[in-house]
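Trainee: If it helps, the file is called upload36.cif and holds mmCIF, N, CA, C and O atoms:
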data_data
#
loop_
_atom_site.label_atom_id
_atom_site.label_comp_id
_atom_site.auth_asym_id
_atom_site.auth_seq_id
_atom_site.Cartn_x
_atom_site.Cartn_y
_atom_site.Cartn_z
N PHE A 2 -11.15 8.14 -2.44
CA PHE A 2 -10.53 7.69 -1.19
C PHE A 2 -11.57 7.60 -0.11
O PHE A 2 -12.41 8.47 0.02
N TYR A 3 -11.54 6.55 0.66
CA TYR A 3 -12.48 6.43 1.76
C TYR A 3 -11.71 6.23 3.05
O TYR A 3 -10.56 5.83 3.05
N THR A 4 -12.33 6.55 4.15
CA THR A 4 -11.67 6.46 5.44
C THR A 4 -11.74 5.03 5.95
O THR A 4 -12.78 4.40 5.90
N ILE A 5 -10.62 4.57 6.45
CA ILE A 5 -10.52 3.22 6.99
C ILE A 5 -10.01 3.36 8.41
O ILE A 5 -9.12 4.15 8.68
N GLY A 6 -10.56 2.62 9.33
CA GLY A 6 -10.10 2.67 10.71
C GLY A 6 -8.68 2.15 10.84
O GLY A 6 -8.26 1.25 10.12
N ILE A 7 -7.95 2.72 11.77
CA ILE A 7 -6.56 2.31 12.02
C ILE A 7 -6.48 0.83 12.34
O ILE A 7 -5.56 0.15 11.89
N GLU A 8 -7.42 0.29 13.10
CA GLU A 8 -7.34 -1.12 13.47
C GLU A 8 -7.39 -2.02 12.24
O GLU A 8 -6.72 -3.05 12.19
N ILE A 9 -8.10 -1.62 11.21
CA ILE A 9 -8.13 -2.39 9.97
C ILE A 9 -6.80 -2.26 9.25
O ILE A 9 -6.24 -3.23 8.77
N CYS A 10 -6.26 -1.06 9.21
CA CYS A 10 -4.98 -0.82 8.53
C CYS A 10 -3.86 -1.63 9.16
O CYS A 10 -3.00 -2.15 8.47
N LEU A 11 -3.85 -1.72 10.47
CA LEU A 11 -2.76 -2.40 11.15
C LEU A 11 -2.76 -3.90 10.95
O LEU A 11 -1.75 -4.55 11.15
N ASN A 12 -3.89 -4.45 10.52
CA ASN A 12 -3.94 -5.88 10.26
C ASN A 12 -3.18 -6.27 9.01
O ASN A 12 -2.80 -7.41 8.84
N GLY A 13 -2.96 -5.35 8.09
CA GLY A 13 -2.23 -5.63 6.87
C GLY A 13 -3.09 -6.34 5.85
O GLY A 13 -4.15 -6.86 6.15
N ALA A 14 -2.61 -6.34 4.63
CA ALA A 14 -3.31 -7.01 3.54
C ALA A 14 -2.27 -7.58 2.60
O ALA A 14 -1.26 -6.95 2.33
N PRO A 15 -2.46 -8.78 2.12
CA PRO A 15 -1.49 -9.33 1.17
C PRO A 15 -1.48 -8.51 -0.11
O PRO A 15 -2.52 -8.03 -0.54
N VAL A 16 -0.31 -8.33 -0.67
CA VAL A 16 -0.19 -7.47 -1.85
C VAL A 16 -0.21 -8.26 -3.14
O VAL A 16 -0.79 -7.84 -4.12
N GLY A 17 0.40 -9.41 -3.18
CA GLY A 17 0.40 -10.22 -4.39
C GLY A 17 -0.64 -11.33 -4.31
O GLY A 17 -1.27 -11.53 -3.28
N PRO A 18 -0.84 -12.05 -5.39
CA PRO A 18 -1.88 -13.07 -5.42
C PRO A 18 -1.65 -14.20 -4.42
O PRO A 18 -2.59 -14.83 -3.98
N GLY A 19 -0.41 -14.43 -4.05
CA GLY A 19 -0.10 -15.47 -3.07
C GLY A 19 0.11 -14.91 -1.69
O GLY A 19 0.67 -15.55 -0.83
N GLY A 20 -0.30 -13.66 -1.46
CA GLY A 20 -0.09 -13.03 -0.17
C GLY A 20 1.28 -12.41 -0.06
O GLY A 20 1.76 -12.12 1.02
N ASN A 21 1.94 -12.20 -1.18
CA ASN A 21 3.26 -11.59 -1.17
C ASN A 21 3.39 -10.68 -2.38
O ASN A 21 2.39 -10.23 -2.91
N ASN A 22 4.58 -10.42 -2.82
CA ASN A 22 4.79 -9.50 -3.94
C ASN A 22 4.96 -10.20 -5.27
O ASN A 22 5.54 -9.66 -6.20
N ASP A 23 4.44 -11.42 -5.39
CA ASP A 23 4.55 -12.16 -6.65
C ASP A 23 3.92 -11.37 -7.79
O ASP A 23 2.82 -10.85 -7.65
N PRO A 24 4.60 -11.27 -8.91
CA PRO A 24 3.99 -10.58 -10.05
C PRO A 24 2.86 -11.41 -10.63
O PRO A 24 2.87 -12.64 -10.55
N ILE A 25 1.86 -10.74 -11.17
CA ILE A 25 0.81 -11.44 -11.88
C ILE A 25 0.63 -10.79 -13.23
O ILE A 25 1.05 -9.66 -13.45
N THR A 26 0.02 -11.51 -14.13
CA THR A 26 -0.11 -11.00 -15.48
C THR A 26 -1.28 -10.04 -15.60
O THR A 26 -2.20 -10.06 -14.79
N LYS A 27 -1.22 -9.18 -16.62
CA LYS A 27 -2.31 -8.25 -16.89
C LYS A 27 -3.53 -9.03 -17.34
O LYS A 27 -3.44 -10.14 -17.81
N GLY A 28 -4.67 -8.45 -17.18
CA GLY A 28 -5.90 -9.09 -17.61
C GLY A 28 -6.92 -9.05 -16.50
O GLY A 28 -6.80 -8.29 -15.54
N GLU A 29 -7.92 -9.89 -16.63
CA GLU A 29 -9.02 -9.89 -15.68
C GLU A 29 -8.54 -10.20 -14.25
O GLU A 29 -8.97 -9.56 -13.29
N GLU A 30 -7.65 -11.18 -14.12
CA GLU A 30 -7.14 -11.54 -12.79
C GLU A 30 -6.40 -10.36 -12.17
O GLU A 30 -6.57 -10.05 -11.00
N TYR A 31 -5.58 -9.69 -12.97
CA TYR A 31 -4.85 -8.52 -12.49
C TYR A 31 -5.80 -7.41 -12.08
O TYR A 31 -5.65 -6.81 -11.02
N ASP A 32 -6.80 -7.13 -12.90
CA ASP A 32 -7.76 -6.06 -12.59
C ASP A 32 -8.48 -6.33 -11.28
O ASP A 32 -8.67 -5.43 -10.46
N LYS A 33 -8.86 -7.59 -11.07
CA LYS A 33 -9.55 -7.96 -9.83
C LYS A 33 -8.60 -7.80 -8.64
O LYS A 33 -8.97 -7.22 -7.61
N TRP A 34 -7.38 -8.29 -8.77
CA TRP A 34 -6.39 -8.16 -7.70
C TRP A 34 -6.11 -6.69 -7.40
O TRP A 34 -6.07 -6.29 -6.23
N TYR A 35 -5.96 -5.87 -8.44
CA TYR A 35 -5.66 -4.45 -8.25
C TYR A 35 -6.78 -3.76 -7.49
O TYR A 35 -6.53 -3.02 -6.54
N ALA A 36 -8.02 -4.02 -7.86
CA ALA A 36 -9.16 -3.36 -7.23
C ALA A 36 -9.41 -3.86 -5.81
O ALA A 36 -9.74 -3.08 -4.92
N GLU A 37 -9.23 -5.17 -5.59
CA GLU A 37 -9.58 -5.75 -4.30
C GLU A 37 -8.45 -5.77 -3.28
O GLU A 37 -8.71 -5.82 -2.08
N THR A 38 -7.21 -5.74 -3.75
CA THR A 38 -6.09 -5.90 -2.82
C THR A 38 -5.11 -4.74 -2.88
O THR A 38 -4.80 -4.13 -1.85
N PHE A 39 -4.60 -4.43 -4.06
CA PHE A 39 -3.55 -3.42 -4.16
C PHE A 39 -4.05 -2.03 -3.78
O PHE A 39 -3.44 -1.34 -2.97
N THR A 40 -5.18 -1.61 -4.33
CA THR A 40 -5.71 -0.28 -4.04
C THR A 40 -6.01 -0.11 -2.55
O THR A 40 -5.58 0.88 -1.95
N PRO A 41 -6.70 -1.06 -1.91
CA PRO A 41 -6.92 -0.91 -0.47
C PRO A 41 -5.61 -0.89 0.33
O PRO A 41 -5.50 -0.16 1.32
N ALA A 42 -4.61 -1.66 -0.10
CA ALA A 42 -3.32 -1.64 0.61
C ALA A 42 -2.68 -0.26 0.53
O ALA A 42 -2.15 0.24 1.52
N MET A 43 -2.74 0.38 -0.62
CA MET A 43 -2.19 1.72 -0.77
C MET A 43 -2.98 2.74 0.05
O MET A 43 -2.41 3.63 0.67
N GLU A 44 -4.30 2.58 0.06
CA GLU A 44 -5.13 3.48 0.86
C GLU A 44 -4.84 3.29 2.35
O GLU A 44 -4.76 4.27 3.10
N ASN A 45 -4.67 2.05 2.77
CA ASN A 45 -4.29 1.76 4.16
C ASN A 45 -2.96 2.41 4.50
O ASN A 45 -2.79 3.00 5.57
N ALA A 46 -2.01 2.31 3.59
CA ALA A 46 -0.69 2.91 3.80
C ALA A 46 -0.81 4.41 3.98
O ALA A 46 -0.16 4.99 4.86
N ALA A 47 -1.62 5.06 3.16
CA ALA A 47 -1.79 6.51 3.27
C ALA A 47 -2.36 6.89 4.63
O ALA A 47 -1.92 7.86 5.26
N VAL A 48 -3.33 6.11 5.12
CA VAL A 48 -3.90 6.37 6.45
C VAL A 48 -2.83 6.20 7.52
O VAL A 48 -2.69 7.05 8.41
N LEU A 49 -2.08 5.12 7.45
CA LEU A 49 -1.04 4.87 8.45
C LEU A 49 0.03 5.96 8.44
O LEU A 49 0.55 6.35 9.49
N LEU A 50 0.36 6.47 7.26
CA LEU A 50 1.37 7.53 7.17
C LEU A 50 0.90 8.82 7.84
O LEU A 50 1.70 9.53 8.45
N THR A 51 -0.38 9.10 7.74
CA THR A 51 -0.88 10.36 8.29
C THR A 51 -1.35 10.24 9.74
O THR A 51 -1.39 11.24 10.44
N GLU A 52 -1.70 9.03 10.18
CA GLU A 52 -2.29 8.90 11.52
C GLU A 52 -1.42 8.15 12.53
O GLU A 52 -1.85 7.96 13.66
N THR A 53 -0.25 7.71 12.11
CA THR A 53 0.65 7.02 13.05
C THR A 53 2.06 7.55 12.87
O THR A 53 2.36 8.28 11.93
N GLN A 54 2.93 7.13 13.77
CA GLN A 54 4.35 7.46 13.67
C GLN A 54 5.16 6.24 13.24
O GLN A 54 6.39 6.22 13.38
N LEU A 55 4.50 5.22 12.72
CA LEU A 55 5.21 4.04 12.24
C LEU A 55 6.19 4.42 11.14
O LEU A 55 5.92 5.33 10.35
N SER A 56 7.30 3.72 11.08
CA SER A 56 8.27 3.97 10.01
C SER A 56 7.69 3.49 8.68
O SER A 56 6.75 2.68 8.65
N VAL A 57 8.25 3.97 7.60
CA VAL A 57 7.81 3.55 6.27
C VAL A 57 8.00 2.04 6.12
O VAL A 57 7.14 1.36 5.56
N SER A 58 9.09 1.51 6.63
CA SER A 58 9.32 0.06 6.56
C SER A 58 8.25 -0.72 7.31
O SER A 58 7.78 -1.76 6.83
N GLU A 59 7.86 -0.23 8.49
CA GLU A 59 6.80 -0.90 9.26
C GLU A 59 5.47 -0.85 8.51
O GLU A 59 4.73 -1.84 8.47
N ILE A 60 5.17 0.29 7.92
CA ILE A 60 3.93 0.43 7.16
C ILE A 60 3.95 -0.49 5.94
O ILE A 60 2.95 -1.13 5.62
N ALA A 61 5.11 -0.59 5.30
CA ALA A 61 5.23 -1.49 4.15
C ALA A 61 4.87 -2.91 4.58
O ALA A 61 4.06 -3.58 3.92
N ARG A 62 5.44 -3.37 5.69
CA ARG A 62 5.15 -4.73 6.17
C ARG A 62 3.68 -4.89 6.56
O ARG A 62 3.06 -5.89 6.25
N LYS A 63 3.12 -3.91 7.23
CA LYS A 63 1.73 -4.01 7.69
C LYS A 63 0.72 -3.98 6.54
O LYS A 63 -0.41 -4.41 6.71
N THR A 64 1.13 -3.46 5.39
CA THR A 64 0.23 -3.43 4.25
C THR A 64 0.55 -4.52 3.24
O THR A 64 0.04 -4.51 2.12
N GLY A 65 1.40 -5.47 3.63
CA GLY A 65 1.61 -6.66 2.82
C GLY A 65 2.84 -6.67 1.93
O GLY A 65 3.03 -7.61 1.18
N PHE A 66 3.68 -5.65 2.02
CA PHE A 66 4.89 -5.61 1.20
C PHE A 66 6.06 -6.20 1.99
O PHE A 66 6.28 -5.84 3.14
N SER A 67 6.81 -7.08 1.38
CA SER A 67 7.98 -7.64 2.05
C SER A 67 9.22 -6.77 1.81
O SER A 67 10.22 -6.94 2.50
N ASP A 68 9.13 -5.86 0.89
CA ASP A 68 10.27 -5.03 0.51
C ASP A 68 9.88 -3.55 0.58
O ASP A 68 8.99 -3.11 -0.15
N ALA A 69 10.52 -2.78 1.47
CA ALA A 69 10.18 -1.36 1.65
C ALA A 69 10.50 -0.55 0.39
O ALA A 69 9.80 0.42 0.08
N PHE A 70 11.53 -0.94 -0.35
CA PHE A 70 11.87 -0.21 -1.57
C PHE A 70 10.75 -0.36 -2.61
O PHE A 70 10.31 0.61 -3.21
N TYR A 71 10.28 -1.59 -2.80
CA TYR A 71 9.18 -1.83 -3.73
C TYR A 71 7.91 -1.11 -3.29
O TYR A 71 7.17 -0.56 -4.09
N PHE A 72 7.66 -1.12 -1.98
CA PHE A 72 6.52 -0.38 -1.43
C PHE A 72 6.63 1.10 -1.81
O PHE A 72 5.66 1.70 -2.26
N GLY A 73 7.81 1.69 -1.62
CA GLY A 73 8.01 3.10 -1.94
C GLY A 73 7.77 3.39 -3.42
O GLY A 73 7.12 4.39 -3.77
N GLN A 74 8.26 2.53 -4.27
CA GLN A 74 8.04 2.71 -5.71
C GLN A 74 6.56 2.61 -6.05
O GLN A 74 6.03 3.41 -6.82
N SER A 75 5.88 1.64 -5.48
CA SER A 75 4.45 1.44 -5.73
C SER A 75 3.64 2.61 -5.21
O SER A 75 2.72 3.10 -5.88
N PHE A 76 3.99 3.08 -4.02
CA PHE A 76 3.29 4.21 -3.42
C PHE A 76 3.43 5.45 -4.30
O PHE A 76 2.47 6.16 -4.55
N ARG A 77 4.64 5.69 -4.78
CA ARG A 77 4.89 6.85 -5.63
C ARG A 77 4.08 6.78 -6.93
O ARG A 77 3.55 7.78 -7.40
N LYS A 78 3.95 5.59 -7.49
CA LYS A 78 3.16 5.43 -8.72
C LYS A 78 1.70 5.77 -8.49
O LYS A 78 1.03 6.32 -9.36
N VAL A 79 1.18 5.44 -7.32
CA VAL A 79 -0.23 5.68 -7.01
C VAL A 79 -0.48 7.13 -6.62
O VAL A 79 -1.41 7.77 -7.11
N PHE A 80 0.36 7.69 -5.75
CA PHE A 80 0.11 9.01 -5.18
C PHE A 80 0.97 10.14 -5.76
O PHE A 80 0.72 11.30 -5.47
N GLY A 81 1.97 9.80 -6.55
CA GLY A 81 2.79 10.83 -7.18
C GLY A 81 3.89 11.40 -6.31
O GLY A 81 4.64 12.28 -6.75
N VAL A 82 3.99 10.93 -5.07
CA VAL A 82 5.04 11.36 -4.14
C VAL A 82 5.48 10.15 -3.34
O VAL A 82 4.76 9.15 -3.25
N SER A 83 6.65 10.26 -2.73
CA SER A 83 7.14 9.16 -1.88
C SER A 83 6.31 9.09 -0.60
O SER A 83 5.65 10.07 -0.22
N PRO A 84 6.37 7.97 0.10
CA PRO A 84 5.66 7.89 1.38
C PRO A 84 6.10 8.99 2.36
O PRO A 84 5.25 9.57 3.05
N THR A 85 7.38 9.29 2.42
CA THR A 85 7.88 10.33 3.30
C THR A 85 7.32 11.69 2.92
O THR A 85 6.90 12.47 3.79
N GLN A 86 7.29 11.99 1.63
CA GLN A 86 6.73 13.26 1.18
C GLN A 86 5.24 13.33 1.48
O GLN A 86 4.73 14.38 1.88
N TYR A 87 4.54 12.23 1.30
CA TYR A 87 3.11 12.19 1.59
C TYR A 87 2.86 12.49 3.06
O TYR A 87 1.94 13.24 3.40
N ARG A 88 3.66 11.92 3.92
CA ARG A 88 3.50 12.13 5.36
C ARG A 88 3.70 13.60 5.75
O ARG A 88 3.03 14.11 6.63
N LYS A 89 4.59 14.27 5.06
CA LYS A 89 4.89 15.68 5.36
C LYS A 89 3.81 16.65 4.89
O LYS A 89 3.77 17.79 5.34
N LYS A 90 2.95 16.19 3.96
CA LYS A 90 1.90 17.08 3.42
C LYS A 90 0.90 17.50 4.46
O LYS A 90 0.57 16.89 5.37
#
Once more with this new file: its structure as structure tokens, please.
Mentor:
Amino acid sequence: FYTIGIEICLNGAPVGPGGNNDPITKGEEYDKWYAETFTPAMENAAVLLTETQLSVSEIARKTGFSDAFYFGQSFRKVFGVSPTQYRKK
């Protein structure tokens, strides 16, 4: 994990290949997308959860997720806890 400035986090990042939550297939394209887009989006979300009072829905939107429920599921897969639980730690 690396530290990212809040101003970068607030700009948001597209989550899917088209700048949304479109699914993509496994393979080289997926690996590149995961490393370059998804992982930084989750790291940005973690920073926003700990350093701001933004709602989980607002953080989901700012990190490129159009659906807060999907964001929560994705966050839990990466960090092992829900965004709300992460914020309380």
Trainee: In Å, rounded to a single decimal, give me how far CA of Glu37 (chain A) is from CA of Gln86 (chain A).
Mentor: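 One can read the CA of Gln86 (chain A) to CA of Glu37 (chain A) distance as 25.6 Å.
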Trainee: Got a sec: who's within 8 Å of region 56-60 of chain A, counting only C-alpha atoms, leaving out chain neighbours fewer than 4 positions off, as a PyMOL selection string?
Mentor: chain A and resi 46+49-50+64+68-69+84-85
Trainee: When distances are computed from all atoms listed in the file, which of A:Lys63, A:Phe80, A:Leu55, A:Glu29 shows the smallest separation from Ala42 (chain A)?
Mentor: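 Looking at the shortest contact to Ala42 (chain A), the residue is A:Lys63.
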Trainee: Can you work out the spacing between CA of Val79 (chain A) and CA of Gln54 (chain A) in Å, to one decimal?
Mentor: 21.3 Å
Trainee: Quick one: pull the distance between atom N of Gly81 (chain A) and CA of Asp32 (chain A), Å, one decimal.
Mentor: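 So the answer is 19.6 Å.
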Trainee: Can you fill out region 58-69 of chain A with all heavy atoms and hand it back as an mmCIF file, keeping the file's coordinate frame?
Mentor:
data_model
loop_
_atom_site.group_PDB
_atom_site.id
_atom_site.type_symbol
_atom_site.label_atom_id
_atom_site.label_comp_id
_atom_site.auth_asym_id
_atom_site.auth_seq_id
_atom_site.Cartn_x
_atom_site.Cartn_y
_atom_site.Cartn_z
ATOM 1 N N SER A 58 9.090 1.510 6.630
ATOM 2 C CA SER A 58 9.320 0.060 6.560
ATOM 3 C C SER A 58 8.250 -0.720 7.310
ATOM 4 O O SER A 58 7.780 -1.760 6.830
ATOM 5 C CB SER A 58 10.694 -0.294 7.135
ATOM 6 O OG SER A 58 11.710 0.236 6.328
ATOM 7 N N GLU A 59 7.860 -0.230 8.490
ATOM 8 C CA GLU A 59 6.800 -0.900 9.260
ATOM 9 C C GLU A 59 5.470 -0.850 8.510
ATOM 10 O O GLU A 59 4.730 -1.840 8.470
ATOM 11 C CB GLU A 59 6.642 -0.247 10.630
ATOM 12 C CG GLU A 59 7.795 -0.507 11.574
ATOM 13 C CD GLU A 59 7.673 0.298 12.849
ATOM 14 O OE1 GLU A 59 7.591 1.534 12.778
ATOM 15 O OE2 GLU A 59 7.651 -0.345 13.921
ATOM 16 N N ILE A 60 5.170 0.290 7.920
ATOM 17 C CA ILE A 60 3.930 0.430 7.160
ATOM 18 C C ILE A 60 3.950 -0.490 5.940
ATOM 19 O O ILE A 60 2.950 -1.130 5.620
ATOM 20 C CB ILE A 60 3.692 1.895 6.762
ATOM 21 C CG1 ILE A 60 3.392 2.717 8.027
ATOM 22 C CG2 ILE A 60 2.563 2.024 5.741
ATOM 23 C CD1 ILE A 60 3.347 4.208 7.820
ATOM 24 N N ALA A 61 5.110 -0.590 5.300
ATOM 25 C CA ALA A 61 5.230 -1.490 4.150
ATOM 26 C C ALA A 61 4.870 -2.910 4.580
ATOM 27 O O ALA A 61 4.060 -3.580 3.920
ATOM 28 C CB ALA A 61 6.647 -1.443 3.589
ATOM 29 N N ARG A 62 5.440 -3.370 5.690
ATOM 30 C CA ARG A 62 5.150 -4.730 6.170
ATOM 31 C C ARG A 62 3.680 -4.890 6.560
ATOM 32 O O ARG A 62 3.060 -5.890 6.250
ATOM 33 C CB ARG A 62 6.050 -5.075 7.355
ATOM 34 C CG ARG A 62 7.472 -5.429 6.956
ATOM 35 C CD ARG A 62 8.249 -6.015 8.116
ATOM 36 N NE ARG A 62 8.327 -5.121 9.268
ATOM 37 C CZ ARG A 62 9.208 -4.135 9.401
ATOM 38 N NH1 ARG A 62 10.085 -3.918 8.453
ATOM 39 N NH2 ARG A 62 9.223 -3.388 10.479
ATOM 40 N N LYS A 63 3.120 -3.910 7.230
ATOM 41 C CA LYS A 63 1.730 -4.010 7.690
ATOM 42 C C LYS A 63 0.720 -3.980 6.540
ATOM 43 O O LYS A 63 -0.410 -4.410 6.710
ATOM 44 C CB LYS A 63 1.425 -2.896 8.686
ATOM 45 C CG LYS A 63 2.116 -3.106 10.015
ATOM 46 C CD LYS A 63 1.703 -2.094 11.025
ATOM 47 C CE LYS A 63 2.399 -2.319 12.341
ATOM 48 N NZ LYS A 63 2.071 -3.580 12.994
ATOM 49 N N THR A 64 1.130 -3.460 5.390
ATOM 50 C CA THR A 64 0.230 -3.430 4.250
ATOM 51 C C THR A 64 0.550 -4.520 3.240
ATOM 52 O O THR A 64 0.040 -4.510 2.120
ATOM 53 C CB THR A 64 0.235 -2.042 3.576
ATOM 54 O OG1 THR A 64 1.569 -1.661 3.239
ATOM 55 C CG2 THR A 64 -0.388 -0.997 4.482
ATOM 56 N N GLY A 65 1.400 -5.470 3.630
ATOM 57 C CA GLY A 65 1.610 -6.660 2.820
ATOM 58 C C GLY A 65 2.840 -6.670 1.930
ATOM 59 O O GLY A 65 3.030 -7.610 1.180
ATOM 60 N N PHE A 66 3.680 -5.650 2.020
ATOM 61 C CA PHE A 66 4.890 -5.610 1.200
ATOM 62 C C PHE A 66 6.060 -6.200 1.990
ATOM 63 O O PHE A 66 6.280 -5.840 3.140
ATOM 64 C CB PHE A 66 5.247 -4.165 0.823
ATOM 65 C CG PHE A 66 4.345 -3.573 -0.211
ATOM 66 C CD1 PHE A 66 3.133 -3.012 0.137
ATOM 67 C CD2 PHE A 66 4.711 -3.559 -1.549
ATOM 68 C CE1 PHE A 66 2.294 -2.457 -0.809
ATOM 69 C CE2 PHE A 66 3.882 -3.003 -2.508
ATOM 70 C CZ PHE A 66 2.668 -2.451 -2.134
ATOM 71 N N SER A 67 6.810 -7.080 1.380
ATOM 72 C CA SER A 67 7.980 -7.640 2.050
ATOM 73 C C SER A 67 9.220 -6.770 1.810
ATOM 74 O O SER A 67 10.220 -6.940 2.500
ATOM 75 C CB SER A 67 8.241 -9.068 1.565
ATOM 76 O OG SER A 67 8.477 -9.079 0.170
ATOM 77 N N ASP A 68 9.130 -5.860 0.890
ATOM 78 C CA ASP A 68 10.270 -5.030 0.510
ATOM 79 C C ASP A 68 9.880 -3.550 0.580
ATOM 80 O O ASP A 68 8.990 -3.110 -0.150
ATOM 81 C CB ASP A 68 10.687 -5.398 -0.915
ATOM 82 C CG ASP A 68 11.897 -4.645 -1.401
ATOM 83 O OD1 ASP A 68 11.859 -3.405 -1.446
ATOM 84 O OD2 ASP A 68 12.881 -5.309 -1.766
ATOM 85 N N ALA A 69 10.520 -2.780 1.470
ATOM 86 C CA ALA A 69 10.180 -1.360 1.650
ATOM 87 C C ALA A 69 10.500 -0.550 0.390
ATOM 88 O O ALA A 69 9.800 0.420 0.080
ATOM 89 C CB ALA A 69 10.926 -0.787 2.844
#
